[in-house]
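*Asks:* Structure below; questions to follow.
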Amino acid sequence: MELEQAIFGRRSIRKFKEKSVDKSDLAALAKAAIWAPTAGNHQPWGFIFLTDQEMIQKINTVAPGLFGNPKAIICVCLDHKKTIKIIDKEGREVSNPFGYWDCSMATQNILLRAYDLGLGSCVIASFNPAAVRELLDAPLHFEPMMLIILGYPDQEPKAPPRKTDVIFWEKYTGKGE
């Protein structure tokens, strides 16, 4: 698949066929995830792959944004023990956004690779991270950031309109394209 086709063709899918996701496809998604760029190559992420339908149902009870009948879920986590430490002028550790960005870039890789493999996917951000962490037996430093639901699509949503007035050339003019 051409990259442009994946970028412009991928849609958020929330309705899936009853077919289970192949383990080889999940392995391909794992590979795509770990090849995302990261600040300083710290790779501060972790990915928990779920295919057990009982566990998926438990996750569903703490994720009001999860619709449909996913056959797999990837929980994208930020491992705070692996994030870059930023120290301010007074020597205090301050908030670091890089790990969040890194997890987002890995998520985009997963979404594009899933589409390339014929899988439907959707990012879920409306969930209780503490409850998900507990269900998955993850330690406190392992923060669930996003859930990616997966399956073979049973719908073909049309492309939503895109704003073009957000693009500026050379400087902000207040009048995008």
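We label chains A, B, ... in the order they appear in the structure tokens, count residues from 1 in each chain, and number ligands from 1 in the order shown.
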Might you pull out every residue within 8 Å of segment 112-120 of chain A, with only C-alpha atoms counted and same-chain residues fewer than 5 positions away left off, and present them as a list of chain:residue names?
*Replies:*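 Within the cut-off, the hits are A:Met1, A:Ala6, A:Ile7, A:Arg10, A:Arg11, A:Ser12, A:Ile13, A:Arg14, A:Phe16, A:Asp25, A:Ala28, A:Leu29, A:Ala32, A:Leu150, A:Gly151, A:Tyr152, A:Pro153.
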*Asks:* Considering only C-alpha atoms, return as a VMD selection string whatever protein or nucleic-acid residues lie within 10 Å of segment 74-84 of chain A, sequence-local ones (same chain, fewer than 2 positions apart) excluded.
*Replies:* chain A and resid 26 29 to 30 33 39 to 51 72 86 to 87 95 to 104 106 to 107 110 123 to 124 129 132 to 133 136 138 to 150
*Asks:* Okay, now the selection with C-alpha atoms, as an mmCIF file, in the first residue's frame?
*Replies:*
data_model
loop_
_atom_site.group_PDB
_atom_site.id
_atom_site.type_symbol
_atom_site.label_atom_id
_atom_site.label_comp_id
_atom_site.auth_asym_id
_atom_site.auth_seq_id
_atom_site.Cartn_x
_atom_site.Cartn_y
_atom_site.Cartn_z
ATOM 1 C CA LEU A 26 -0.761 -8.170 15.914
ATOM 2 C CA LEU A 29 1.468 -3.862 14.698
ATOM 3 C CA ALA A 30 3.922 -4.383 17.568
ATOM 4 C CA ALA A 33 4.852 0.608 17.206
ATOM 5 C CA ALA A 39 12.891 11.895 21.842
ATOM 6 C CA GLY A 40 16.470 10.869 22.503
ATOM 7 C CA ASN A 41 15.555 7.319 21.436
ATOM 8 C CA HIS A 42 14.351 6.655 24.998
ATOM 9 C CA GLN A 43 11.405 4.548 23.791
ATOM 10 C CA PRO A 44 9.371 5.260 26.952
ATOM 11 C CA TRP A 45 6.394 3.219 25.968
ATOM 12 C CA GLY A 46 4.849 -0.147 26.575
ATOM 13 C CA PHE A 47 2.092 -1.920 24.674
ATOM 14 C CA ILE A 48 -0.273 -4.436 26.199
ATOM 15 C CA PHE A 49 -2.043 -6.512 23.538
ATOM 16 C CA LEU A 50 -5.402 -7.978 24.500
ATOM 17 C CA THR A 51 -7.305 -10.643 22.585
ATOM 18 C CA ALA A 72 -8.364 -6.964 20.046
ATOM 19 C CA ILE A 86 13.963 17.665 32.496
ATOM 20 C CA ILE A 87 15.564 19.768 35.217
ATOM 21 C CA SER A 95 6.891 18.028 33.590
ATOM 22 C CA ASN A 96 8.100 16.433 30.392
ATOM 23 C CA PRO A 97 5.786 16.173 27.361
ATOM 24 C CA PHE A 98 8.113 14.065 25.222
ATOM 25 C CA GLY A 99 6.839 10.690 26.415
ATOM 26 C CA TYR A 100 3.273 11.646 25.552
ATOM 27 C CA TRP A 101 4.364 12.677 22.073
ATOM 28 C CA ASP A 102 6.344 9.471 21.668
ATOM 29 C CA CYS A 103 3.286 7.369 22.560
ATOM 30 C CA SER A 104 1.226 9.358 20.058
ATOM 31 C CA ALA A 106 3.734 5.000 18.048
ATOM 32 C CA THR A 107 -0.069 5.054 17.980
ATOM 33 C CA ILE A 110 -0.078 1.293 14.640
ATOM 34 C CA VAL A 123 -8.240 5.316 19.309
ATOM 35 C CA ILE A 124 -10.151 5.470 22.580
ATOM 36 C CA PRO A 129 -6.645 4.829 33.344
ATOM 37 C CA VAL A 132 -7.354 -0.180 33.216
ATOM 38 C CA ARG A 133 -3.964 -0.250 34.961
ATOM 39 C CA LEU A 136 -3.928 -5.254 33.436
ATOM 40 C CA ALA A 138 0.421 -2.769 35.466
ATOM 41 C CA PRO A 139 2.636 -0.940 37.990
ATOM 42 C CA LEU A 140 1.977 2.695 38.931
ATOM 43 C CA HIS A 141 4.756 4.050 36.679
ATOM 44 C CA PHE A 142 3.147 2.349 33.658
ATOM 45 C CA GLU A 143 0.422 4.838 32.657
ATOM 46 C CA PRO A 144 -2.273 3.758 30.161
ATOM 47 C CA MET A 145 -2.458 6.594 27.612
ATOM 48 C CA MET A 146 -4.725 5.286 24.857
ATOM 49 C CA LEU A 147 -6.659 2.213 23.901
ATOM 50 C CA ILE A 148 -6.639 1.155 20.269
ATOM 51 C CA ILE A 149 -9.546 -1.096 19.361
ATOM 52 C CA LEU A 150 -9.025 -3.457 16.444
#
*Asks:* Ser126 of chain A: which residues within 10 Å, counting only C-alpha atoms, same-chain residues fewer than 5 positions away excluded, as a list in words?
*Replies:*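 Close residues of Ser126 of chain A: Val62, Ala63, Pro64, Gly65, Leu66, Met146 and Leu147 of chain A.
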*Asks:* Take the residues from that selection and write them out as a PDB file, in the first residue's frame, keeping N, CA, C and O atoms.
*Replies:*
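Saved result, part_36.pdb, follows:
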ATOM      1  N   VAL A  62     -14.997   0.028  31.907  1.00  0.00           N
ATOM      2  CA  VAL A  62     -14.346   1.231  32.436  1.00  0.00           C
ATOM      3  C   VAL A  62     -13.925   2.186  31.319  1.00  0.00           C
ATOM      4  O   VAL A  62     -13.131   3.103  31.538  1.00  0.00           O
ATOM      5  N   ALA A  63     -14.489   1.964  30.145  1.00  0.00           N
ATOM      6  CA  ALA A  63     -14.150   2.780  28.980  1.00  0.00           C
ATOM      7  C   ALA A  63     -15.430   3.230  28.271  1.00  0.00           C
ATOM      8  O   ALA A  63     -15.867   2.600  27.306  1.00  0.00           O
ATOM      9  N   PRO A  64     -16.036   4.328  28.749  1.00  0.00           N
ATOM     10  CA  PRO A  64     -17.287   4.773  28.128  1.00  0.00           C
ATOM     11  C   PRO A  64     -17.141   5.165  26.663  1.00  0.00           C
ATOM     12  O   PRO A  64     -18.123   5.168  25.931  1.00  0.00           O
ATOM     13  N   GLY A  65     -15.927   5.440  26.210  1.00  0.00           N
ATOM     14  CA  GLY A  65     -15.719   5.788  24.805  1.00  0.00           C
ATOM     15  C   GLY A  65     -15.557   4.593  23.894  1.00  0.00           C
ATOM     16  O   GLY A  65     -15.441   4.739  22.688  1.00  0.00           O
ATOM     17  N   LEU A  66     -15.563   3.394  24.473  1.00  0.00           N
ATOM     18  CA  LEU A  66     -15.361   2.183  23.683  1.00  0.00           C
ATOM     19  C   LEU A  66     -16.714   1.680  23.181  1.00  0.00           C
ATOM     20  O   LEU A  66     -17.547   1.235  23.959  1.00  0.00           O
ATOM     21  N   MET A 146      -3.704   5.451  25.885  1.00  0.00           N
ATOM     22  CA  MET A 146      -4.725   5.286  24.857  1.00  0.00           C
ATOM     23  C   MET A 146      -5.052   3.812  24.720  1.00  0.00           C
ATOM     24  O   MET A 146      -4.209   2.960  24.979  1.00  0.00           O
ATOM     25  N   LEU A 147      -6.263   3.554  24.306  1.00  0.00           N
ATOM     26  CA  LEU A 147      -6.659   2.213  23.901  1.00  0.00           C
ATOM     27  C   LEU A 147      -6.890   2.258  22.398  1.00  0.00           C
ATOM     28  O   LEU A 147      -7.523   3.189  21.898  1.00  0.00           O
TER      29      LEU A 147
END
*Asks:* One decimal, Å: what's the distance from atom CA of Pro161 of chain A over to atom CA of Cys122 of chain A, could you say?
*Replies:* 17.9 Å
*Asks:* Please run DSSP on the backbone and report, as a PyMOL selection string, all residues within segment 11-170 of chain A that come out as strand (DSSP E or B).
*Replies:* chain A and resi 12+16+45-50+72-79+86-87+93-94+120-124+142-151+153
*Asks:* Determine which residues of segment 53-133 of chain A receive a DSSP assignment of alpha helix (DSSP H), computed from the backbone, and state them as a PyMOL selection string.
*Replies:* chain A and resi 53-61+98-116+129-133
*Asks:* Could you write out that same residue set with N, CA and C atoms as an mmCIF file, in the first residue's frame?
*Replies:*
data_model
loop_
_atom_site.group_PDB
_atom_site.id
_atom_site.type_symbol
_atom_site.label_atom_id
_atom_site.label_comp_id
_atom_site.auth_asym_id
_atom_site.auth_seq_id
_atom_site.Cartn_x
_atom_site.Cartn_y
_atom_site.Cartn_z
ATOM 1 N N GLN A 53 -11.513 -12.162 25.014
ATOM 2 C CA GLN A 53 -12.783 -11.436 24.965
ATOM 3 C C GLN A 53 -13.335 -11.113 26.348
ATOM 4 N N GLU A 54 -13.054 -11.950 27.334
ATOM 5 C CA GLU A 54 -13.494 -11.659 28.691
ATOM 6 C C GLU A 54 -12.789 -10.402 29.228
ATOM 7 N N MET A 55 -11.490 -10.297 28.975
ATOM 8 C CA MET A 55 -10.751 -9.113 29.411
ATOM 9 C C MET A 55 -11.203 -7.881 28.633
ATOM 10 N N ILE A 56 -11.455 -8.040 27.354
ATOM 11 C CA ILE A 56 -11.944 -6.916 26.551
ATOM 12 C C ILE A 56 -13.273 -6.409 27.106
ATOM 13 N N GLN A 57 -14.130 -7.301 27.537
ATOM 14 C CA GLN A 57 -15.402 -6.889 28.141
ATOM 15 C C GLN A 57 -15.175 -6.150 29.464
ATOM 16 N N LYS A 58 -14.204 -6.590 30.247
ATOM 17 C CA LYS A 58 -13.885 -5.888 31.491
ATOM 18 C C LYS A 58 -13.374 -4.477 31.203
ATOM 19 N N ILE A 59 -12.517 -4.355 30.213
ATOM 20 C CA ILE A 59 -12.011 -3.027 29.813
ATOM 21 C C ILE A 59 -13.186 -2.156 29.369
ATOM 22 N N ASN A 60 -14.106 -2.747 28.657
ATOM 23 C CA ASN A 60 -15.273 -2.019 28.157
ATOM 24 C C ASN A 60 -16.084 -1.395 29.295
ATOM 25 N N THR A 61 -16.106 -2.036 30.458
ATOM 26 C CA THR A 61 -16.888 -1.505 31.584
ATOM 27 C C THR A 61 -16.286 -0.240 32.186
ATOM 28 N N PHE A 98 7.586 14.898 26.291
ATOM 29 C CA PHE A 98 8.113 14.065 25.222
ATOM 30 C C PHE A 98 7.542 12.652 25.212
ATOM 31 N N GLY A 99 7.374 12.050 26.365
ATOM 32 C CA GLY A 99 6.839 10.690 26.415
ATOM 33 C C GLY A 99 5.437 10.596 25.846
ATOM 34 N N TYR A 100 4.632 11.620 26.095
ATOM 35 C CA TYR A 100 3.273 11.646 25.552
ATOM 36 C C TYR A 100 3.327 11.728 24.027
ATOM 37 N N TRP A 101 4.212 12.554 23.529
ATOM 38 C CA TRP A 101 4.364 12.677 22.073
ATOM 39 C C TRP A 101 4.851 11.358 21.479
ATOM 40 N N ASP A 102 5.807 10.735 22.159
ATOM 41 C CA ASP A 102 6.344 9.471 21.668
ATOM 42 C C ASP A 102 5.248 8.408 21.562
ATOM 43 N N CYS A 103 4.399 8.329 22.590
ATOM 44 C CA CYS A 103 3.286 7.369 22.560
ATOM 45 C C CYS A 103 2.321 7.691 21.426
ATOM 46 N N SER A 104 2.115 8.961 21.149
ATOM 47 C CA SER A 104 1.226 9.358 20.058
ATOM 48 C C SER A 104 1.800 8.955 18.701
ATOM 49 N N MET A 105 3.118 9.124 18.544
ATOM 50 C CA MET A 105 3.735 8.730 17.267
ATOM 51 C C MET A 105 3.666 7.211 17.073
ATOM 52 N N ALA A 106 3.855 6.454 18.143
ATOM 53 C CA ALA A 106 3.734 5.000 18.048
ATOM 54 C C ALA A 106 2.299 4.611 17.695
ATOM 55 N N THR A 107 1.338 5.324 18.276
ATOM 56 C CA THR A 107 -0.069 5.054 17.980
ATOM 57 C C THR A 107 -0.362 5.297 16.503
ATOM 58 N N GLN A 108 0.150 6.384 15.946
ATOM 59 C CA GLN A 108 -0.065 6.654 14.522
ATOM 60 C C GLN A 108 0.528 5.542 13.663
ATOM 61 N N ASN A 109 1.726 5.062 14.025
ATOM 62 C CA ASN A 109 2.300 3.941 13.281
ATOM 63 C C ASN A 109 1.378 2.732 13.317
ATOM 64 N N ILE A 110 0.829 2.434 14.494
ATOM 65 C CA ILE A 110 -0.078 1.293 14.640
ATOM 66 C C ILE A 110 -1.310 1.475 13.751
ATOM 67 N N LEU A 111 -1.906 2.665 13.777
ATOM 68 C CA LEU A 111 -3.118 2.913 12.997
ATOM 69 C C LEU A 111 -2.877 2.745 11.506
ATOM 70 N N LEU A 112 -1.769 3.290 11.015
ATOM 71 C CA LEU A 112 -1.476 3.192 9.584
ATOM 72 C C LEU A 112 -1.152 1.755 9.176
ATOM 73 N N ARG A 113 -0.396 1.055 10.009
ATOM 74 C CA ARG A 113 -0.062 -0.347 9.699
ATOM 75 C C ARG A 113 -1.313 -1.222 9.766
ATOM 76 N N ALA A 114 -2.190 -0.948 10.712
ATOM 77 C CA ALA A 114 -3.443 -1.710 10.800
ATOM 78 C C ALA A 114 -4.244 -1.548 9.513
ATOM 79 N N TYR A 115 -4.358 -0.333 9.033
ATOM 80 C CA TYR A 115 -5.094 -0.092 7.792
ATOM 81 C C TYR A 115 -4.441 -0.840 6.631
ATOM 82 N N ASP A 116 -3.121 -0.809 6.592
ATOM 83 C CA ASP A 116 -2.369 -1.507 5.553
ATOM 84 C C ASP A 116 -2.650 -3.012 5.574
ATOM 85 N N PRO A 129 -7.999 5.396 33.378
ATOM 86 C CA PRO A 129 -6.645 4.829 33.344
ATOM 87 C C PRO A 129 -6.292 4.004 34.581
ATOM 88 N N ALA A 130 -6.719 4.448 35.754
ATOM 89 C CA ALA A 130 -6.400 3.697 36.979
ATOM 90 C C ALA A 130 -7.072 2.327 36.961
ATOM 91 N N ALA A 131 -8.315 2.276 36.503
ATOM 92 C CA ALA A 131 -9.026 0.998 36.432
ATOM 93 C C ALA A 131 -8.398 0.076 35.394
ATOM 94 N N VAL A 132 -8.008 0.631 34.250
ATOM 95 C CA VAL A 132 -7.354 -0.180 33.216
ATOM 96 C C VAL A 132 -6.019 -0.697 33.739
ATOM 97 N N ARG A 133 -5.248 0.176 34.390
ATOM 98 C CA ARG A 133 -3.964 -0.250 34.961
ATOM 99 C C ARG A 133 -4.175 -1.420 35.921
#
*Asks:* Mind pulling up the distance from atom CA of Trp35 of chain A to atom CA of Lys17 of chain A?
*Replies:*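 Between these atoms lies a distance of 28.6 Å.
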*Asks:* What gap, in Å, lies between atom CA of Lys23 of chain A and atom CA of Ala159 of chain A?
*Replies:*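 Separating atom CA of Lys23 of chain A from atom CA of Ala159 of chain A is a distance of 29.0 Å.
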*Asks:* Have a look at A:Gly174, A:Pro157, A:Thr164, A:Asp52 and name the one nearest to Gly9 of chain A; count only C-alpha atoms.
*Replies:*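 Looking at the shortest contact to Gly9 of chain A, the residue is A:Pro157.
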